[in-house]
Amino acid sequence: MKPPALEALGLRRKFTHPSGDVEVLRGLELRVAAGELVTVSGRSGSGKSALLALLSGFDSPDDGSILLDGVPIAGAPPWHTCAVLPQALGLATELTVAENVALPLRLRSDIPRLSRSAIQARVTELLDELSIGELADRYPLEVSFGQQQRVALARAVSGRPKVLLTDEPTAHLDAASTPAVLGLLRRCAEEGAAVIVATHDDLVHKIADRRVRLLGGVLT
Ligand SMILES: Nc1ncnc2c1ncn2[C@@H]1O[C@H](COP(=O)(O)OP(=O)(O)OP(=O)(O)O)[C@@H](O)[C@H]1O
């Protein structure tokens with residue numbers, strides 16, 4: 001039987017603070033299939049971002065393991081395998097909006113180099129879908145935070161990653177911008193990605209195949 005695209009097995013993560021240790025994840029288990037969109041809810045501080053940091057390989061668990069297609073990860077996988085939209089966005093401020101979105105396509109080493117026009121077409125498609133096509137030549141710090149968030153989403157999905165991890169992707173959007181973001185997340189799943197979204201937004205939960213809640217360091 002095919003393994004899930006993403007598996008988290010027995011994840012534990014403790015943080016040390018001057019006031020004492022906080023064990024945020026306590027043996028957490030999660031399995032997400034290719035083509036499935038799963039939302040993770042939980043109160044502020046429950047550990048959703050900490051979980052995404054582990055799943056993306058940016059942080060390491062104290063115990064437990066993370067598997068992609070049945071293979072344990074060692075550090076952060078390449079962008080086309082696992083792409084992340086973190087809360088802090090992490091856009092390259094010295095690159096334009098279009099250059100940021102093109103970056104994962106330019107850096108891909110697993111396929112023959114894409115032509116300039118193929119990269120341009122993918123960037124334009126994504127920016128237009130998110131109604132930010134007119135911002136292509138601006139720099140991230142010249143657009144609003146909500147617009148930056150959409151740029152970071154476009155960058156995360158541009159290389160058609162197998163796993164997409166997004167942290168509060170609608171947090172800074174107005175009502176008019178949200179449907180396009182929801183549509184893009186859904187489309188990524190339809191195209192075969194395993195999509196995980198940490199969110200407080202009921203509109204995102206509504207488009208999920210499955211909703212899990214982070215409570216007491218485990219998913220319920
Ligand atoms: N690098 C770190 N060092 C120390 N403590 C951390 C670190 N990362 C997270 N924590 C702690 O882990 C807990 C969970 O934080 P996290 O940001 O994962 O919550 P969250 O559920 O994403 O919250 P929110 O919904 O507000 O974004 C918090 O108590 C936080 O202080």
# chains A, B, ... in the order shown; residues from 1 in each chain; ligands from 1
$ residues_near_ligand --ligand "ligand 1" --cutoff "6 Å" --atoms "only C-alpha atoms and all ligand atoms" --output "VMD selection string"
chain A and resid 15 24 43 to 50
$ select_by_dssp --residues "region 24-156 of chain A" --states "alpha helix (DSSP H)" --output "tab-separated table (two decimals) with N, CA and C atoms, in the first residue's frame"
chain	number	residue	atom	x	y	z
A	48	LYS	N	0.60	25.23	16.82
A	48	LYS	CA	0.38	25.01	15.37
A	48	LYS	C	1.62	25.39	14.57
A	49	SER	N	2.18	26.58	14.87
A	49	SER	CA	3.37	27.01	14.12
A	49	SER	C	4.56	26.11	14.45
A	50	ALA	N	4.66	25.71	15.71
A	50	ALA	CA	5.75	24.80	16.10
A	50	ALA	C	5.63	23.49	15.32
A	51	LEU	N	4.41	23.01	15.14
A	51	LEU	CA	4.20	21.77	14.37
A	51	LEU	C	4.63	21.96	12.92
A	52	LEU	N	4.23	23.08	12.31
A	52	LEU	CA	4.61	23.30	10.90
A	52	LEU	C	6.14	23.40	10.76
A	53	ALA	N	6.79	24.03	11.75
A	53	ALA	CA	8.26	24.15	11.70
A	53	ALA	C	8.91	22.76	11.71
A	54	LEU	N	8.32	21.83	12.45
A	54	LEU	CA	8.87	20.46	12.46
A	54	LEU	C	8.58	19.76	11.13
A	55	LEU	N	7.33	19.89	10.65
A	55	LEU	CA	6.96	19.18	9.42
A	55	LEU	C	7.79	19.66	8.23
A	97	VAL	N	8.47	41.14	-6.74
A	97	VAL	CA	7.39	40.18	-6.52
A	97	VAL	C	7.51	39.02	-7.51
A	98	ALA	N	7.64	39.34	-8.79
A	98	ALA	CA	7.72	38.28	-9.82
A	98	ALA	C	8.95	37.41	-9.60
A	99	GLU	N	10.08	38.02	-9.26
A	99	GLU	CA	11.31	37.24	-9.04
A	99	GLU	C	11.17	36.32	-7.83
A	100	ASN	N	10.48	36.79	-6.79
A	100	ASN	CA	10.24	35.93	-5.63
A	100	ASN	C	9.44	34.69	-6.02
A	101	VAL	N	8.39	34.90	-6.82
A	101	VAL	CA	7.52	33.77	-7.19
A	101	VAL	C	8.26	32.82	-8.13
A	102	ALA	N	9.17	33.38	-8.93
A	102	ALA	CA	9.93	32.55	-9.88
A	102	ALA	C	11.03	31.73	-9.19
A	103	LEU	N	11.43	32.16	-8.00
A	103	LEU	CA	12.61	31.57	-7.36
A	103	LEU	C	12.57	30.04	-7.26
A	104	PRO	N	11.48	29.43	-6.74
A	104	PRO	CA	11.49	27.96	-6.64
A	104	PRO	C	11.62	27.29	-8.01
A	105	LEU	N	11.12	27.95	-9.06
A	105	LEU	CA	11.21	27.37	-10.41
A	105	LEU	C	12.64	27.46	-10.93
A	106	ARG	N	13.31	28.56	-10.61
A	106	ARG	CA	14.70	28.74	-11.06
A	106	ARG	C	15.64	27.80	-10.31
A	107	LEU	N	15.29	27.50	-9.03
A	107	LEU	CA	16.20	26.71	-8.20
A	107	LEU	C	16.02	25.20	-8.37
A	116	ARG	N	12.68	30.52	-19.85
A	116	ARG	CA	12.26	31.83	-19.33
A	116	ARG	C	10.76	32.03	-19.51
A	117	SER	N	10.26	31.65	-20.70
A	117	SER	CA	8.83	31.91	-20.97
A	117	SER	C	7.94	31.00	-20.14
A	118	ALA	N	8.39	29.77	-19.87
A	118	ALA	CA	7.59	28.86	-19.04
A	118	ALA	C	7.50	29.40	-17.61
A	119	ILE	N	8.64	29.92	-17.12
A	119	ILE	CA	8.66	30.49	-15.76
A	119	ILE	C	7.76	31.72	-15.71
A	120	GLN	N	7.91	32.58	-16.71
A	120	GLN	CA	7.10	33.81	-16.78
A	120	GLN	C	5.61	33.48	-16.80
A	121	ALA	N	5.24	32.45	-17.58
A	121	ALA	CA	3.82	32.08	-17.71
A	121	ALA	C	3.27	31.60	-16.37
A	122	ARG	N	4.05	30.80	-15.65
A	122	ARG	CA	3.59	30.29	-14.34
A	122	ARG	C	3.45	31.44	-13.33
A	123	VAL	N	4.42	32.35	-13.33
A	123	VAL	CA	4.38	33.49	-12.40
A	123	VAL	C	3.15	34.35	-12.70
A	124	THR	N	2.93	34.66	-13.97
A	124	THR	CA	1.79	35.50	-14.36
A	124	THR	C	0.47	34.84	-14.00
A	125	GLU	N	0.38	33.54	-14.26
A	125	GLU	CA	-0.85	32.80	-13.94
A	125	GLU	C	-1.18	32.93	-12.44
A	126	LEU	N	-0.16	32.73	-11.60
A	126	LEU	CA	-0.42	32.75	-10.15
A	126	LEU	C	-0.73	34.17	-9.65
A	127	LEU	N	0.04	35.16	-10.13
A	127	LEU	CA	-0.20	36.53	-9.68
A	127	LEU	C	-1.58	37.00	-10.11
A	128	ASP	N	-1.98	36.66	-11.33
A	128	ASP	CA	-3.30	37.06	-11.82
A	128	ASP	C	-4.40	36.36	-11.02
A	129	GLU	N	-4.18	35.08	-10.74
A	129	GLU	CA	-5.19	34.33	-9.98
A	129	GLU	C	-5.43	34.97	-8.61
A	145	PHE	N	0.96	44.30	3.56
A	145	PHE	CA	1.28	42.99	4.15
A	145	PHE	C	0.36	41.91	3.59
A	146	GLY	N	-0.92	42.27	3.39
A	146	GLY	CA	-1.86	41.31	2.81
A	146	GLY	C	-1.44	40.90	1.41
A	147	GLN	N	-0.92	41.87	0.65
A	147	GLN	CA	-0.42	41.56	-0.70
A	147	GLN	C	0.85	40.71	-0.61
A	148	GLN	N	1.73	41.04	0.33
A	148	GLN	CA	2.94	40.23	0.52
A	148	GLN	C	2.57	38.78	0.84
A	149	GLN	N	1.49	38.63	1.64
A	149	GLN	CA	1.08	37.28	2.02
A	149	GLN	C	0.68	36.47	0.78
A	150	ARG	N	0.00	37.14	-0.15
A	150	ARG	CA	-0.39	36.44	-1.39
A	150	ARG	C	0.83	36.15	-2.25
A	151	VAL	N	1.80	37.06	-2.26
A	151	VAL	CA	3.05	36.80	-3.00
A	151	VAL	C	3.74	35.56	-2.43
A	152	ALA	N	3.79	35.49	-1.09
A	152	ALA	CA	4.46	34.36	-0.45
A	152	ALA	C	3.71	33.05	-0.74
A	153	LEU	N	2.39	33.13	-0.84
A	153	LEU	CA	1.63	31.92	-1.20
A	153	LEU	C	1.95	31.51	-2.64
A	154	ALA	N	1.96	32.50	-3.54
A	154	ALA	CA	2.28	32.20	-4.94
A	154	ALA	C	3.67	31.57	-5.04
A	155	ARG	N	4.62	32.10	-4.27
A	155	ARG	CA	5.97	31.53	-4.29
A	155	ARG	C	5.96	30.09	-3.77
A	156	ALA	N	5.18	29.85	-2.69
A	156	ALA	CA	5.16	28.50	-2.12
A	156	ALA	C	4.61	27.48	-3.11
$ residues_around --residues "Leu141 (chain A)" --least-positions-apart "3" --cutoff "10 Å" --atoms "only C-alpha atoms" --output "VMD selection string"
chain A and resid 91 to 94 96 to 97 138 144 to 145 148
$ write_last_selection --atoms "N, CA and C atoms" --output "PDB file, in the first residue's frame"
ATOM      1  N   LEU A  91       9.828  36.665   2.484  1.00  0.00           N
ATOM      2  CA  LEU A  91      10.116  37.059   1.097  1.00  0.00           C
ATOM      3  C   LEU A  91      11.509  37.666   1.006  1.00  0.00           C
ATOM      4  N   ALA A  92      12.137  37.496  -0.151  1.00  0.00           N
ATOM      5  CA  ALA A  92      13.455  38.111  -0.386  1.00  0.00           C
ATOM      6  C   ALA A  92      13.204  39.570  -0.792  1.00  0.00           C
ATOM      7  N   THR A  93      13.575  40.513   0.073  1.00  0.00           N
ATOM      8  CA  THR A  93      13.206  41.916  -0.161  1.00  0.00           C
ATOM      9  C   THR A  93      14.011  42.562  -1.294  1.00  0.00           C
ATOM     10  N   GLU A  94      15.135  41.920  -1.678  1.00  0.00           N
ATOM     11  CA  GLU A  94      15.945  42.486  -2.762  1.00  0.00           C
ATOM     12  C   GLU A  94      15.468  42.012  -4.134  1.00  0.00           C
ATOM     13  N   THR A  96      12.109  41.371  -6.849  1.00  0.00           N
ATOM     14  CA  THR A  96      10.746  41.844  -7.098  1.00  0.00           C
ATOM     15  C   THR A  96       9.740  40.744  -6.751  1.00  0.00           C
ATOM     16  N   VAL A  97       8.472  41.144  -6.745  1.00  0.00           N
ATOM     17  CA  VAL A  97       7.391  40.181  -6.518  1.00  0.00           C
ATOM     18  C   VAL A  97       7.509  39.020  -7.508  1.00  0.00           C
ATOM     19  N   ARG A 138       7.113  45.340  -8.525  1.00  0.00           N
ATOM     20  CA  ARG A 138       7.435  46.053  -7.279  1.00  0.00           C
ATOM     21  C   ARG A 138       8.240  45.138  -6.362  1.00  0.00           C
ATOM     22  N   SER A 144       1.399  46.044   0.352  1.00  0.00           N
ATOM     23  CA  SER A 144       0.850  45.876   1.706  1.00  0.00           C
ATOM     24  C   SER A 144       1.173  44.481   2.256  1.00  0.00           C
ATOM     25  N   PHE A 145       0.962  44.299   3.561  1.00  0.00           N
ATOM     26  CA  PHE A 145       1.280  42.992   4.146  1.00  0.00           C
ATOM     27  C   PHE A 145       0.357  41.905   3.589  1.00  0.00           C
ATOM     28  N   GLN A 148       1.726  41.042   0.331  1.00  0.00           N
ATOM     29  CA  GLN A 148       2.941  40.231   0.524  1.00  0.00           C
ATOM     30  C   GLN A 148       2.569  38.780   0.844  1.00  0.00           C
TER      31      GLN A 148
END
$ residues_around --residues "Arg210 (chain A)" --least-positions-apart "2" --cutoff "8 Å" --atoms "only C-alpha atoms" --output "PyMOL selection string"
chain A and resi 37-39+208+212
$ residues_around --residues "Gly57 (chain A)" --least-positions-apart "4" --cutoff "12 Å" --atoms "only C-alpha atoms" --output "MDAnalysis selection string"
chainID A and resid 8 50:53 61 65:68 72:79 81:84 165
$ write_last_selection --atoms "N, CA and C atoms" --output "short mmCIF file (atom, residue, chain, number, x, y, z; two decimals), in the first residue's frame"
data_model
loop_
_atom_site.label_atom_id
_atom_site.label_comp_id
_atom_site.auth_asym_id
_atom_site.auth_seq_id
_atom_site.Cartn_x
_atom_site.Cartn_y
_atom_site.Cartn_z
N ALA A 8 3.65 12.19 10.41
CA ALA A 8 4.34 12.61 11.63
C ALA A 8 4.06 11.54 12.67
N ALA A 50 4.66 25.71 15.71
CA ALA A 50 5.75 24.80 16.10
C ALA A 50 5.63 23.49 15.32
N LEU A 51 4.41 23.01 15.14
CA LEU A 51 4.20 21.77 14.37
C LEU A 51 4.63 21.96 12.92
N LEU A 52 4.23 23.08 12.31
CA LEU A 52 4.61 23.30 10.90
C LEU A 52 6.14 23.40 10.76
N ALA A 53 6.79 24.03 11.75
CA ALA A 53 8.26 24.15 11.70
C ALA A 53 8.91 22.76 11.71
N PRO A 61 12.39 17.59 15.99
CA PRO A 61 11.68 17.14 17.19
C PRO A 61 12.65 16.60 18.24
N SER A 65 9.38 11.14 14.44
CA SER A 65 9.94 11.31 13.10
C SER A 65 8.90 11.83 12.12
N ILE A 66 9.42 12.39 11.02
CA ILE A 66 8.58 12.91 9.93
C ILE A 66 9.00 12.21 8.66
N LEU A 67 8.03 11.66 7.95
CA LEU A 67 8.31 10.91 6.72
C LEU A 67 7.61 11.56 5.54
N LEU A 68 8.32 11.68 4.44
CA LEU A 68 7.72 12.12 3.18
C LEU A 68 7.74 10.93 2.24
N PRO A 72 12.11 9.06 5.98
CA PRO A 72 12.32 10.07 7.01
C PRO A 72 13.07 11.28 6.45
N ILE A 73 12.66 12.49 6.84
CA ILE A 73 13.36 13.68 6.36
C ILE A 73 14.62 13.90 7.18
N ALA A 74 15.62 14.48 6.54
CA ALA A 74 16.84 14.86 7.24
C ALA A 74 17.05 16.34 6.92
N GLY A 75 16.61 17.23 7.79
CA GLY A 75 16.67 18.66 7.51
C GLY A 75 15.53 19.08 6.59
N ALA A 76 15.60 20.33 6.12
CA ALA A 76 14.52 20.86 5.28
C ALA A 76 14.60 20.29 3.87
N PRO A 77 13.54 19.64 3.38
CA PRO A 77 13.55 19.12 2.00
C PRO A 77 13.56 20.27 1.01
N PRO A 78 13.90 20.00 -0.27
CA PRO A 78 13.89 21.08 -1.27
C PRO A 78 12.48 21.62 -1.48
N TRP A 79 12.42 22.84 -1.99
CA TRP A 79 11.18 23.59 -2.17
C TRP A 79 10.13 22.84 -2.99
N THR A 81 9.68 19.76 -3.11
CA THR A 81 9.15 18.62 -2.35
C THR A 81 8.21 19.12 -1.26
N CYS A 82 8.69 20.07 -0.47
CA CYS A 82 7.89 20.59 0.63
C CYS A 82 8.05 22.11 0.67
N ALA A 83 6.96 22.83 0.40
CA ALA A 83 7.02 24.30 0.39
C ALA A 83 6.22 24.84 1.56
N VAL A 84 6.68 25.97 2.08
CA VAL A 84 6.10 26.52 3.30
C VAL A 84 5.69 27.97 3.09
N LEU A 165 2.71 23.49 3.20
CA LEU A 165 2.41 23.81 4.60
C LEU A 165 2.16 25.30 4.70
#
